[in-house]
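Novice: The following block contains the structure, expressed as C-alpha coordinates.
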Amino acid sequence: MRKLIVSCFLVGVVMNVNAQNYWKKNAGKTAKVVLTNSKANEKMVDKGVVTFEQFGQPKETDACIFVAPHFKYQKLIGIGGAITDASAETFYKMPKNKQKEILDAYFGKNGLGYTVVRTNMNSCDFSSDSYTYVEDNDTSLKTFNVAHDEKYKIPMIKEAQKAIGNNFTFYFSPWSPPAWMKSNQSLYKGGRLENQYYQTWADYYIKFIKEYEKRGINIWGLTVQNEPMATQSWESCIYTAEEEGEFLKKNLGPTLWKNGYKDKKVMIWDHNRDLIYQRATTTLSDPETSKYAHGIGYHWYETWNNKTQLFDNLAETHRAFPDKFLAFTEGCKEQFNMDKIYDVSLGELYSKNMLNDFNKGNALWTDWNILLDETGGPNHKGNFCFAPIIADTKTGEVFYTYEYYYIGHVSKYIRPNAQRIGSSSNRAALTSSAFMNENGQLVTVIMNDSDNDIETNLWIEGMAAKLNAPAHSIQTVIL
(Lines give C-alpha, C1' and ligand atoms only; values in the text may rest on other atoms or scores of the structure.)
Protein backbone atom coordinates (compact mmCIF):
# COMPACT_ATOMS: atom_id res chain seq x y z
CA MET A 1 0.00 0.00 0.00
CA ARG A 2 2.87 2.35 0.89
CA LYS A 3 4.52 1.66 -2.50
CA LEU A 4 1.24 2.47 -4.24
CA ILE A 5 0.91 5.78 -2.37
CA VAL A 6 4.51 6.72 -3.20
CA SER A 7 3.96 5.79 -6.86
CA CYS A 8 0.82 7.91 -7.06
CA PHE A 9 2.67 10.80 -5.39
CA LEU A 10 5.53 10.55 -7.88
CA VAL A 11 3.12 10.46 -10.84
CA GLY A 12 1.46 13.61 -9.48
CA VAL A 13 4.85 15.29 -9.06
CA VAL A 14 5.89 14.36 -12.61
CA MET A 15 2.62 15.68 -14.05
CA ASN A 16 2.97 18.92 -12.10
CA VAL A 17 6.61 19.37 -13.17
CA ASN A 18 5.64 18.69 -16.79
CA ALA A 19 2.88 21.28 -16.55
CA GLN A 20 5.23 23.84 -15.03
CA ASN A 21 7.88 23.16 -17.68
CA TYR A 22 5.25 23.46 -20.40
CA TRP A 23 4.28 26.92 -19.22
CA LYS A 24 7.79 28.06 -18.46
CA LYS A 25 8.43 27.52 -22.16
CA ASN A 26 5.24 29.38 -23.07
CA ALA A 27 5.50 32.31 -20.65
CA GLY A 28 4.97 35.54 -22.57
CA LYS A 29 3.81 33.70 -25.64
CA THR A 30 1.05 35.08 -27.79
CA ALA A 31 -2.05 33.45 -29.22
CA LYS A 32 -3.98 34.39 -32.33
CA VAL A 33 -7.65 35.36 -31.94
CA VAL A 34 -10.31 34.97 -34.63
CA LEU A 35 -13.68 36.54 -33.80
CA THR A 36 -17.22 36.51 -35.13
CA ASN A 37 -19.18 39.33 -33.49
CA SER A 38 -22.77 39.59 -34.66
CA LYS A 39 -23.34 43.05 -33.15
CA ALA A 40 -20.43 44.49 -35.17
CA ASN A 41 -21.22 42.33 -38.20
CA GLU A 42 -17.72 40.85 -38.00
CA LYS A 43 -17.36 37.31 -39.37
CA MET A 44 -14.23 35.27 -38.67
CA VAL A 45 -12.09 38.41 -38.38
CA ASP A 46 -8.43 38.18 -37.36
CA LYS A 47 -8.24 40.26 -34.15
CA GLY A 48 -4.50 40.00 -33.68
CA VAL A 49 -2.89 38.38 -30.66
CA VAL A 50 -3.21 38.15 -26.89
CA THR A 51 -0.30 37.58 -24.51
CA PHE A 52 -0.13 35.06 -21.69
CA GLU A 53 1.01 36.41 -18.34
CA GLN A 54 1.29 34.95 -14.88
CA PHE A 55 -2.07 34.55 -13.17
CA GLY A 56 -2.23 32.66 -9.88
CA GLN A 57 -5.35 31.40 -8.18
CA PRO A 58 -8.41 32.94 -9.89
CA LYS A 59 -11.13 34.39 -7.72
CA GLU A 60 -14.76 33.44 -8.16
CA THR A 61 -15.29 36.95 -9.51
CA ASP A 62 -12.79 36.32 -12.34
CA ALA A 63 -14.55 35.03 -15.45
CA CYS A 64 -12.33 32.26 -16.80
CA ILE A 65 -12.01 29.52 -19.35
CA PHE A 66 -9.72 26.92 -17.77
CA VAL A 67 -7.64 24.66 -20.02
CA ALA A 68 -5.47 21.76 -18.85
CA PRO A 69 -3.36 20.51 -21.80
CA HIS A 70 -2.03 17.43 -20.00
CA PHE A 71 -5.49 15.89 -19.58
CA LYS A 72 -6.24 14.18 -22.89
CA TYR A 73 -9.49 12.61 -24.07
CA GLN A 74 -10.99 11.48 -27.40
CA LYS A 75 -9.44 12.12 -30.80
CA LEU A 76 -11.40 13.90 -33.51
CA ILE A 77 -12.25 11.82 -36.58
CA GLY A 78 -13.52 14.84 -38.48
CA ILE A 79 -16.20 17.45 -39.11
CA GLY A 80 -18.41 17.85 -42.18
CA GLY A 81 -21.90 17.77 -43.65
CA ALA A 82 -24.26 15.80 -45.85
CA ILE A 83 -24.38 15.87 -49.64
CA THR A 84 -27.99 14.83 -50.16
CA ASP A 85 -29.98 14.82 -53.39
CA ALA A 86 -31.24 18.28 -52.43
CA SER A 87 -27.73 19.66 -51.90
CA ALA A 88 -26.44 18.21 -55.15
CA GLU A 89 -29.44 19.27 -57.24
CA THR A 90 -29.18 22.82 -55.90
CA PHE A 91 -25.43 22.85 -56.53
CA TYR A 92 -25.78 21.97 -60.22
CA LYS A 93 -28.49 24.58 -60.76
CA MET A 94 -25.97 27.28 -59.86
CA PRO A 95 -23.57 29.00 -62.30
CA LYS A 96 -20.12 27.36 -62.62
CA ASN A 97 -18.35 30.17 -60.76
CA LYS A 98 -20.79 29.82 -57.85
CA GLN A 99 -20.29 26.05 -57.79
CA LYS A 100 -16.57 26.64 -57.36
CA GLU A 101 -17.24 29.23 -54.65
CA ILE A 102 -19.40 26.76 -52.69
CA LEU A 103 -16.86 23.94 -52.98
CA ASP A 104 -14.07 26.24 -51.86
CA ALA A 105 -16.21 27.57 -49.00
CA TYR A 106 -16.48 24.08 -47.52
CA PHE A 107 -13.50 22.10 -48.76
CA GLY A 108 -10.93 24.60 -50.07
CA LYS A 109 -7.76 25.59 -48.20
CA ASN A 110 -9.40 28.86 -47.10
CA GLY A 111 -12.79 27.28 -46.40
CA LEU A 112 -14.23 25.44 -43.42
CA GLY A 113 -11.87 22.50 -43.75
CA TYR A 114 -14.62 19.88 -43.97
CA THR A 115 -13.31 16.31 -44.23
CA VAL A 116 -16.53 14.34 -43.59
CA VAL A 117 -19.38 13.72 -46.05
CA ARG A 118 -22.59 11.77 -45.40
CA THR A 119 -25.15 10.75 -48.00
CA ASN A 120 -28.44 8.88 -48.26
CA MET A 121 -28.78 5.32 -49.65
CA ASN A 122 -32.17 5.31 -51.44
CA SER A 123 -34.22 8.48 -51.22
CA CYS A 124 -34.88 10.62 -48.15
CA ASP A 125 -37.09 13.64 -47.53
CA PHE A 126 -34.36 15.85 -49.03
CA SER A 127 -34.80 14.25 -52.44
CA SER A 128 -36.99 15.62 -55.21
CA ASP A 129 -38.58 12.21 -55.65
CA SER A 130 -38.68 8.81 -53.99
CA TYR A 131 -36.49 6.07 -55.43
CA THR A 132 -34.60 2.86 -54.73
CA TYR A 133 -31.90 1.10 -56.74
CA VAL A 134 -33.81 -2.09 -57.65
CA GLU A 135 -37.00 -3.11 -59.38
CA ASP A 136 -39.91 -4.34 -57.27
CA ASN A 137 -39.61 -7.84 -55.84
CA ASP A 138 -36.09 -8.37 -57.19
CA THR A 139 -34.88 -10.53 -54.31
CA SER A 140 -31.70 -11.42 -56.21
CA LEU A 141 -30.85 -7.69 -56.60
CA LYS A 142 -29.86 -8.31 -60.24
CA THR A 143 -31.40 -4.98 -61.26
CA PHE A 144 -29.40 -2.98 -58.70
CA ASN A 145 -28.29 0.26 -60.33
CA VAL A 146 -27.18 3.64 -58.93
CA ALA A 147 -27.81 5.54 -62.19
CA HIS A 148 -30.12 7.88 -60.27
CA ASP A 149 -27.17 9.16 -58.21
CA GLU A 150 -24.91 9.68 -61.23
CA LYS A 151 -26.77 12.80 -62.35
CA TYR A 152 -26.16 14.97 -59.27
CA LYS A 153 -25.05 13.23 -56.07
CA ILE A 154 -22.06 11.20 -57.22
CA PRO A 155 -20.47 14.06 -59.23
CA MET A 156 -20.71 16.44 -56.27
CA ILE A 157 -19.38 13.84 -53.83
CA LYS A 158 -16.42 13.25 -56.14
CA GLU A 159 -15.77 17.01 -56.26
CA ALA A 160 -15.72 17.08 -52.48
CA GLN A 161 -13.46 14.03 -52.36
CA LYS A 162 -11.00 15.64 -54.77
CA ALA A 163 -10.91 18.85 -52.71
CA ILE A 164 -10.51 17.04 -49.36
CA GLY A 165 -7.81 14.61 -50.45
CA ASN A 166 -6.46 11.95 -48.09
CA ASN A 167 -8.66 12.96 -45.15
CA PHE A 168 -11.88 12.21 -47.09
CA THR A 169 -14.24 10.41 -44.66
CA PHE A 170 -17.44 9.28 -46.37
CA TYR A 171 -20.37 7.37 -44.93
CA PHE A 172 -24.00 6.65 -45.82
CA SER A 173 -27.35 6.00 -44.16
CA PRO A 174 -30.56 4.37 -45.42
CA TRP A 175 -33.92 6.02 -44.68
CA SER A 176 -35.99 3.05 -45.86
CA PRO A 177 -35.60 -0.31 -47.57
CA PRO A 178 -37.65 -0.79 -50.76
CA ALA A 179 -41.39 -0.85 -50.02
CA TRP A 180 -41.74 -4.53 -50.97
CA MET A 181 -39.35 -5.51 -48.19
CA LYS A 182 -41.44 -3.79 -45.51
CA SER A 183 -44.43 -4.67 -43.36
CA ASN A 184 -46.45 -1.66 -44.53
CA GLN A 185 -45.47 -2.00 -48.21
CA SER A 186 -44.45 1.66 -48.29
CA LEU A 187 -41.25 3.69 -48.19
CA TYR A 188 -43.06 6.09 -45.86
CA LYS A 189 -44.64 6.08 -42.40
CA GLY A 190 -42.34 3.69 -40.62
CA GLY A 191 -43.17 0.05 -41.08
CA ARG A 192 -40.53 -2.58 -40.34
CA LEU A 193 -38.18 -4.71 -42.40
CA GLU A 194 -39.78 -8.13 -42.85
CA ASN A 195 -37.70 -10.97 -41.39
CA GLN A 196 -37.57 -12.79 -44.72
CA TYR A 197 -35.72 -9.85 -46.27
CA TYR A 198 -33.09 -9.32 -43.59
CA GLN A 199 -30.38 -10.97 -45.70
CA THR A 200 -31.56 -9.37 -48.94
CA TRP A 201 -31.35 -5.96 -47.30
CA ALA A 202 -27.87 -6.73 -45.95
CA ASP A 203 -26.77 -7.66 -49.47
CA TYR A 204 -28.19 -4.32 -50.67
CA TYR A 205 -25.61 -2.42 -48.56
CA ILE A 206 -22.84 -4.46 -50.18
CA LYS A 207 -24.15 -3.63 -53.65
CA PHE A 208 -24.20 0.07 -52.76
CA ILE A 209 -20.65 0.02 -51.39
CA LYS A 210 -19.34 -1.81 -54.45
CA GLU A 211 -21.05 0.53 -56.92
CA TYR A 212 -19.75 3.66 -55.20
CA GLU A 213 -16.24 2.29 -54.78
CA LYS A 214 -16.27 1.20 -58.43
CA ARG A 215 -16.68 4.91 -59.17
CA GLY A 216 -13.68 5.79 -57.03
CA ILE A 217 -15.59 6.88 -53.90
CA ASN A 218 -14.08 5.11 -50.91
CA ILE A 219 -16.64 4.40 -48.21
CA TRP A 220 -15.40 4.81 -44.65
CA GLY A 221 -18.57 3.79 -42.84
CA LEU A 222 -22.35 3.48 -42.59
CA THR A 223 -25.21 3.69 -40.15
CA VAL A 224 -27.63 0.79 -39.87
CA GLN A 225 -30.76 2.95 -40.18
CA ASN A 226 -31.55 6.65 -40.07
CA GLU A 227 -33.85 7.48 -37.15
CA PRO A 228 -35.11 3.95 -36.40
CA MET A 229 -37.78 5.18 -33.97
CA ALA A 230 -39.34 7.84 -36.23
CA THR A 231 -42.56 7.16 -38.10
CA GLN A 232 -42.35 9.98 -40.65
CA SER A 233 -44.56 11.00 -43.54
CA TRP A 234 -41.42 10.53 -45.66
CA GLU A 235 -38.97 7.62 -45.97
CA SER A 236 -38.62 5.84 -42.63
CA CYS A 237 -38.33 2.38 -41.08
CA ILE A 238 -38.69 1.24 -37.49
CA TYR A 239 -36.31 -1.05 -35.61
CA THR A 240 -36.44 -1.78 -31.89
CA ALA A 241 -33.04 -1.98 -30.21
CA GLU A 242 -33.33 -5.78 -30.28
CA GLU A 243 -34.25 -5.82 -33.97
CA GLU A 244 -31.36 -3.57 -34.91
CA GLY A 245 -29.04 -5.81 -32.92
CA GLU A 246 -30.37 -8.98 -34.57
CA PHE A 247 -29.99 -7.51 -38.06
CA LEU A 248 -26.44 -6.37 -37.33
CA LYS A 249 -25.42 -9.62 -35.63
CA LYS A 250 -26.91 -12.14 -38.03
CA ASN A 251 -26.98 -10.33 -41.36
CA LEU A 252 -25.33 -6.96 -41.89
CA GLY A 253 -22.18 -7.51 -39.82
CA PRO A 254 -21.31 -10.99 -41.13
CA THR A 255 -22.13 -9.92 -44.68
CA LEU A 256 -19.78 -6.94 -44.50
CA TRP A 257 -16.99 -9.10 -43.09
CA LYS A 258 -17.54 -11.89 -45.62
CA ASN A 259 -17.19 -9.37 -48.45
CA GLY A 260 -13.92 -7.97 -47.15
CA TYR A 261 -15.48 -4.89 -45.53
CA LYS A 262 -14.50 -5.55 -41.93
CA ASP A 263 -12.87 -2.10 -41.88
CA LYS A 264 -16.11 -0.23 -42.67
CA LYS A 265 -17.17 1.68 -39.56
CA VAL A 266 -20.70 0.61 -38.59
CA MET A 267 -22.70 3.02 -36.41
CA ILE A 268 -25.87 1.99 -34.59
CA TRP A 269 -28.83 4.13 -33.45
CA ASP A 270 -28.44 7.27 -35.65
CA HIS A 271 -31.29 9.02 -33.86
CA ASN A 272 -31.78 11.49 -30.98
CA ARG A 273 -29.92 11.78 -27.68
CA ASP A 274 -33.06 10.99 -25.67
CA LEU A 275 -32.88 7.21 -26.21
CA ILE A 276 -29.16 6.84 -27.00
CA TYR A 277 -28.24 5.23 -23.68
CA GLN A 278 -31.11 2.73 -23.77
CA ARG A 279 -30.37 1.82 -27.38
CA ALA A 280 -26.65 1.39 -26.87
CA THR A 281 -26.94 -0.63 -23.66
CA THR A 282 -29.58 -2.88 -25.25
CA THR A 283 -28.19 -3.34 -28.77
CA LEU A 284 -24.58 -3.72 -27.66
CA SER A 285 -25.25 -5.93 -24.63
CA ASP A 286 -24.53 -9.01 -26.77
CA PRO A 287 -20.76 -9.30 -27.48
CA GLU A 288 -21.51 -11.00 -30.81
CA THR A 289 -23.47 -7.92 -31.89
CA SER A 290 -21.07 -5.44 -30.36
CA LYS A 291 -18.08 -6.76 -32.29
CA TYR A 292 -19.63 -5.49 -35.54
CA ALA A 293 -20.31 -1.97 -34.21
CA HIS A 294 -17.65 0.72 -34.19
CA GLY A 295 -19.68 3.77 -33.20
CA ILE A 296 -22.97 5.15 -31.89
CA GLY A 297 -24.64 7.80 -34.03
CA TYR A 298 -27.10 10.43 -32.85
CA HIS A 299 -29.09 13.55 -33.86
CA TRP A 300 -30.13 16.67 -31.93
CA TYR A 301 -33.92 16.71 -32.48
CA GLU A 302 -34.88 15.52 -28.98
CA THR A 303 -36.07 19.08 -28.40
CA TRP A 304 -39.40 18.09 -30.00
CA ASN A 305 -40.09 16.46 -26.63
CA ASN A 306 -37.69 18.40 -24.35
CA LYS A 307 -36.88 22.02 -23.64
CA THR A 308 -33.18 21.54 -24.32
CA GLN A 309 -30.62 19.07 -25.66
CA LEU A 310 -29.78 16.11 -23.44
CA PHE A 311 -25.99 16.26 -23.55
CA ASP A 312 -25.52 14.25 -20.36
CA ASN A 313 -26.89 11.18 -22.14
CA LEU A 314 -23.83 11.28 -24.39
CA ALA A 315 -21.47 11.31 -21.44
CA GLU A 316 -23.23 8.34 -19.84
CA THR A 317 -23.15 6.40 -23.11
CA HIS A 318 -19.48 7.22 -23.62
CA ARG A 319 -18.67 5.97 -20.12
CA ALA A 320 -20.54 2.73 -20.81
CA PHE A 321 -18.82 2.11 -24.16
CA PRO A 322 -15.40 3.79 -24.19
CA ASP A 323 -14.36 1.51 -27.07
CA LYS A 324 -17.10 2.91 -29.38
CA PHE A 325 -16.88 6.41 -30.83
CA LEU A 326 -19.77 8.85 -30.57
CA ALA A 327 -20.84 10.32 -33.91
CA PHE A 328 -23.17 13.26 -34.42
CA THR A 329 -24.69 12.30 -37.77
CA GLU A 330 -27.37 14.95 -38.35
CA GLY A 331 -28.79 18.23 -37.17
CA CYS A 332 -30.36 21.32 -38.71
CA LYS A 333 -32.67 24.21 -37.90
CA GLU A 334 -36.13 23.34 -39.15
CA GLN A 335 -38.98 25.47 -40.58
CA PHE A 336 -37.05 27.48 -43.14
CA ASN A 337 -37.72 31.19 -43.49
CA MET A 338 -35.63 33.18 -45.97
CA ASP A 339 -36.16 36.33 -43.90
CA LYS A 340 -34.27 34.77 -40.98
CA ILE A 341 -31.15 33.46 -42.69
CA TYR A 342 -29.00 36.12 -40.99
CA ASP A 343 -30.19 35.42 -37.42
CA VAL A 344 -27.22 34.80 -35.13
CA SER A 345 -29.34 32.27 -33.22
CA LEU A 346 -28.74 29.86 -36.11
CA GLY A 347 -25.02 29.90 -35.41
CA GLU A 348 -25.48 29.73 -31.66
CA LEU A 349 -27.61 26.60 -32.04
CA TYR A 350 -24.71 24.95 -33.85
CA SER A 351 -21.94 25.98 -31.48
CA LYS A 352 -23.98 25.10 -28.39
CA ASN A 353 -24.35 21.60 -29.76
CA MET A 354 -20.85 21.19 -31.17
CA LEU A 355 -18.96 22.39 -28.09
CA ASN A 356 -21.13 20.48 -25.62
CA ASP A 357 -21.00 17.35 -27.76
CA PHE A 358 -17.21 17.41 -27.87
CA ASN A 359 -17.03 17.96 -24.13
CA LYS A 360 -19.19 14.87 -23.61
CA GLY A 361 -17.00 12.60 -25.76
CA ASN A 362 -18.04 13.14 -29.38
CA ALA A 363 -15.45 12.19 -32.04
CA LEU A 364 -17.29 12.82 -35.34
CA TRP A 365 -19.59 15.75 -36.13
CA THR A 366 -21.71 15.92 -39.28
CA ASP A 367 -24.13 18.69 -40.22
CA TRP A 368 -27.19 17.91 -42.34
CA ASN A 369 -27.53 19.40 -45.87
CA ILE A 370 -24.47 21.46 -46.81
CA LEU A 371 -26.52 23.40 -49.35
CA LEU A 372 -30.22 24.16 -49.92
CA ASP A 373 -32.12 26.44 -52.24
CA GLU A 374 -34.17 29.58 -51.65
CA THR A 375 -37.11 27.46 -50.41
CA GLY A 376 -35.07 25.45 -47.89
CA GLY A 377 -35.31 22.47 -50.22
CA PRO A 378 -35.90 20.74 -52.54
CA ASN A 379 -37.84 18.38 -50.30
CA HIS A 380 -40.55 16.12 -51.66
CA LYS A 381 -42.52 16.23 -48.42
CA GLY A 382 -42.31 19.96 -47.72
CA ASN A 383 -39.99 19.52 -44.73
CA PHE A 384 -38.00 22.69 -45.52
CA CYS A 385 -34.96 23.55 -43.37
CA PHE A 386 -32.01 25.90 -43.02
CA ALA A 387 -28.47 25.08 -44.18
CA PRO A 388 -25.15 26.88 -43.59
CA ILE A 389 -25.18 28.05 -47.22
CA ILE A 390 -28.39 28.95 -49.07
CA ALA A 391 -28.29 29.27 -52.85
CA ASP A 392 -30.93 31.19 -54.78
CA THR A 393 -31.27 29.11 -57.93
CA LYS A 394 -33.29 31.88 -59.61
CA THR A 395 -30.81 34.71 -59.16
CA GLY A 396 -27.55 32.75 -58.74
CA GLU A 397 -26.83 34.43 -55.39
CA VAL A 398 -25.12 32.59 -52.53
CA PHE A 399 -25.96 33.41 -48.88
CA TYR A 400 -23.80 32.51 -45.88
CA THR A 401 -25.69 32.11 -42.61
CA TYR A 402 -24.21 32.36 -39.12
CA GLU A 403 -24.34 28.55 -39.09
CA TYR A 404 -21.50 28.62 -41.60
CA TYR A 405 -19.27 30.92 -39.54
CA TYR A 406 -19.97 29.32 -36.17
CA ILE A 407 -19.18 25.85 -37.53
CA GLY A 408 -16.03 27.30 -39.09
CA HIS A 409 -14.72 28.48 -35.74
CA VAL A 410 -14.38 24.79 -34.91
CA SER A 411 -13.85 22.94 -38.21
CA LYS A 412 -11.31 25.32 -39.72
CA TYR A 413 -8.95 25.24 -36.75
CA ILE A 414 -9.50 21.88 -35.05
CA ARG A 415 -8.27 19.25 -37.48
CA PRO A 416 -8.70 15.47 -37.83
CA ASN A 417 -6.79 13.50 -35.18
CA ALA A 418 -6.75 16.50 -32.84
CA GLN A 419 -7.18 15.39 -29.24
CA ARG A 420 -9.61 17.03 -26.88
CA ILE A 421 -7.95 18.32 -23.74
CA GLY A 422 -9.28 19.27 -20.34
CA SER A 423 -11.28 22.50 -20.21
CA SER A 424 -14.13 24.17 -18.36
CA SER A 425 -15.90 27.50 -18.03
CA ASN A 426 -16.94 29.22 -14.79
CA ARG A 427 -19.63 31.30 -16.50
CA ALA A 428 -22.87 29.79 -17.79
CA ALA A 429 -22.94 32.30 -20.66
CA LEU A 430 -19.55 31.12 -21.93
CA THR A 431 -19.48 27.74 -23.65
CA SER A 432 -16.08 26.40 -24.66
CA SER A 433 -14.05 23.39 -25.72
CA ALA A 434 -10.33 22.87 -26.32
CA PHE A 435 -8.26 20.58 -28.54
CA MET A 436 -4.60 19.95 -29.27
CA ASN A 437 -3.85 19.50 -32.98
CA GLU A 438 -1.27 16.96 -34.11
CA ASN A 439 1.17 19.81 -34.82
CA GLY A 440 1.01 20.92 -31.17
CA GLN A 441 -1.36 23.85 -31.74
CA LEU A 442 -3.67 24.39 -28.79
CA VAL A 443 -7.09 25.59 -29.99
CA THR A 444 -9.83 26.90 -27.70
CA VAL A 445 -13.27 27.92 -28.96
CA ILE A 446 -15.38 30.24 -26.77
CA MET A 447 -18.99 31.28 -27.41
CA ASN A 448 -20.92 33.99 -25.57
CA ASP A 449 -24.62 33.61 -26.37
CA SER A 450 -25.76 36.15 -23.79
CA ASP A 451 -26.83 39.78 -24.29
CA ASN A 452 -23.85 41.10 -22.30
CA ASP A 453 -20.18 41.57 -23.16
CA ILE A 454 -17.95 39.52 -20.87
CA GLU A 455 -14.30 40.16 -20.03
CA THR A 456 -12.75 36.76 -19.48
CA ASN A 457 -9.39 35.03 -19.04
CA LEU A 458 -8.07 32.03 -20.91
CA TRP A 459 -6.30 30.41 -17.94
CA ILE A 460 -3.78 27.64 -18.58
CA GLU A 461 -1.83 26.29 -15.60
CA GLY A 462 -0.93 29.55 -13.91
CA MET A 463 -0.80 31.71 -17.03
CA ALA A 464 -3.69 33.64 -18.57
CA ALA A 465 -4.56 35.81 -21.55
CA LYS A 466 -7.24 38.47 -21.22
CA LEU A 467 -10.06 38.21 -23.76
CA ASN A 468 -13.16 40.17 -24.58
CA ALA A 469 -16.19 38.01 -25.39
CA PRO A 470 -18.76 40.38 -26.92
CA ALA A 471 -22.46 39.59 -26.60
CA HIS A 472 -23.58 37.00 -29.17
CA SER A 473 -20.09 36.20 -30.38
CA ILE A 474 -17.77 33.28 -30.91
CA GLN A 475 -13.99 33.28 -30.98
CA THR A 476 -11.19 30.82 -31.62
CA VAL A 477 -7.90 31.25 -29.80
CA ILE A 478 -4.91 29.49 -31.38
CA LEU A 479 -1.75 29.06 -29.30
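Identifiers in this document derive from the order of the C-alpha coordinates: chains are assigned A, B, ..., residues are numbered from 1 separately in each chain, and ligands are numbered from 1 in order of occurrence.
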Find the residues near Phe107 (chain A): any atom within 6 Å, counting only C-alpha atoms, skip ones fewer than 4 places away on the same chain, and give them as a ChimeraX atom specification.
Specialist: /A:103,111,113-114,163-164
Novice: Could you list, as a ChimeraX atom specification, every residue within 7 Å of region 343-357 of chain A, counting only C-alpha atoms and ignoring same-chain residues fewer than 4 positions away?
Specialist: /A:38,311,361-362,402-403,406-407,431-433,449
Novice: Write out as a VMD selection string all residues of region 67-123 of chain A that DSSP puts in strand (DSSP E or B) for this structure's backbone.
Specialist: chain A and resid 67 to 75 78 to 82 116 to 121
Novice: From the list A:Cys124, A:Ala86, A:Val117, A:Leu314, which residue is nearest Thr375 (chain A) when using only C-alpha atoms?
Specialist: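 Among the listed residues, A:Ala86 lies closest to Thr375 (chain A).
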Novice: Please provide the set of residues having any atom within 12 Å of Pro254 (chain A), restricted to only C-alpha atoms, with same-chain residues fewer than 4 positions apart removed, written as a list of chain:residue names.
Specialist: A:Gln199, A:Ala202, A:Asp203, A:Ile206, A:Glu246, A:Phe247, A:Leu248, A:Lys249, A:Lys250, A:Lys258, A:Asn259, A:Gly260, A:Tyr261, A:Lys262, A:Val266, A:Glu288, A:Thr289, A:Lys291, A:Tyr292, A:Ala293
Novice: Which residue, A:Lys466, A:Glu243, A:Lys39, A:Glu461, has the smallest gap to Phe66 (chain A) when you use only C-alpha atoms?
Specialist: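 That would be A:Glu461, the residue with the smallest distance to Phe66 (chain A).
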Novice: Have a look at CA of Lys59 (chain A) and CA of Ala428 (chain A) and let me know their distance in Å, one decimal.
Specialist: 16.1 Å
Novice: Find the residues near Lys43 (chain A): any atom within 10 Å, counting only C-alpha atoms, skip ones fewer than 4 places away on the same chain, and give them as a ChimeraX atom specification.
Specialist: /A:34-38,402,404-406,409,473-475
Novice: Mind giving me the straight-line distance from CA of Lys72 (chain A) to CA of Leu275 (chain A) in Å, one decimal?
Specialist: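 Separation between CA of Lys72 (chain A) and CA of Leu275 (chain A): 27.7 Å.
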Novice: From region 233-319 of chain A, collect each residue whose DSSP state is alpha helix (DSSP H) and return the set as a count of residues only.
Specialist: 33
Novice: Which residue out of A:Gln185, A:Ser140, A:Thr115, A:Thr444 has the minimum interatomic distance to Gly165 (chain A) when only C-alpha atoms are used?
Specialist: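 Checking each of A:Gln185, A:Ser140, A:Thr115, A:Thr444 against Gly165 (chain A), counting only C-alpha atoms, the winner is A:Thr115.
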Novice: Pick out the residues sitting within 10 Å of Thr84 (chain A), and hand them over as an MDAnalysis selection string; count only C-alpha atoms, and ignore anything fewer than 6 positions along from it in its own chain.
Specialist: chainID A and resid 90 117:121 123:127 149 152:154 156:157 368:372
Novice: Would you work out the distance separating CA of His271 (chain A) from CA of Tyr239 (chain A), expressed in Å to one decimal?
Specialist: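 Taking CA of His271 (chain A) and CA of Tyr239 (chain A), their separation equals 11.4 Å.
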Novice: Which one of A:Glu194, A:Glu242, A:Glu316, A:Glu227 sits closest to Glu330 (chain A) if you count only C-alpha atoms?
Specialist: A:Glu227
Novice: Mind checking which residues fall within 8 Å of Ala68 (chain A), counting only C-alpha atoms, ignoring those fewer than 4 positions away in the same chain, and posting them as a PyMOL selection string?
Specialist: chain A and resi 421-423+460-461
Novice: Nearest to Glu42 (chain A): which of A:Glu397, A:Glu211, A:Pro178, A:Pro470 is it, counting only C-alpha atoms?
Specialist: A:Pro470
Novice: I'd like the neighbourhood of Ala434 (chain A) as a count of residues only, where a residue qualifies if any of its atoms comes within 12 Å (using only C-alpha atoms), though same-chain residues fewer than 4 positions away should be ignored.
Specialist: 44
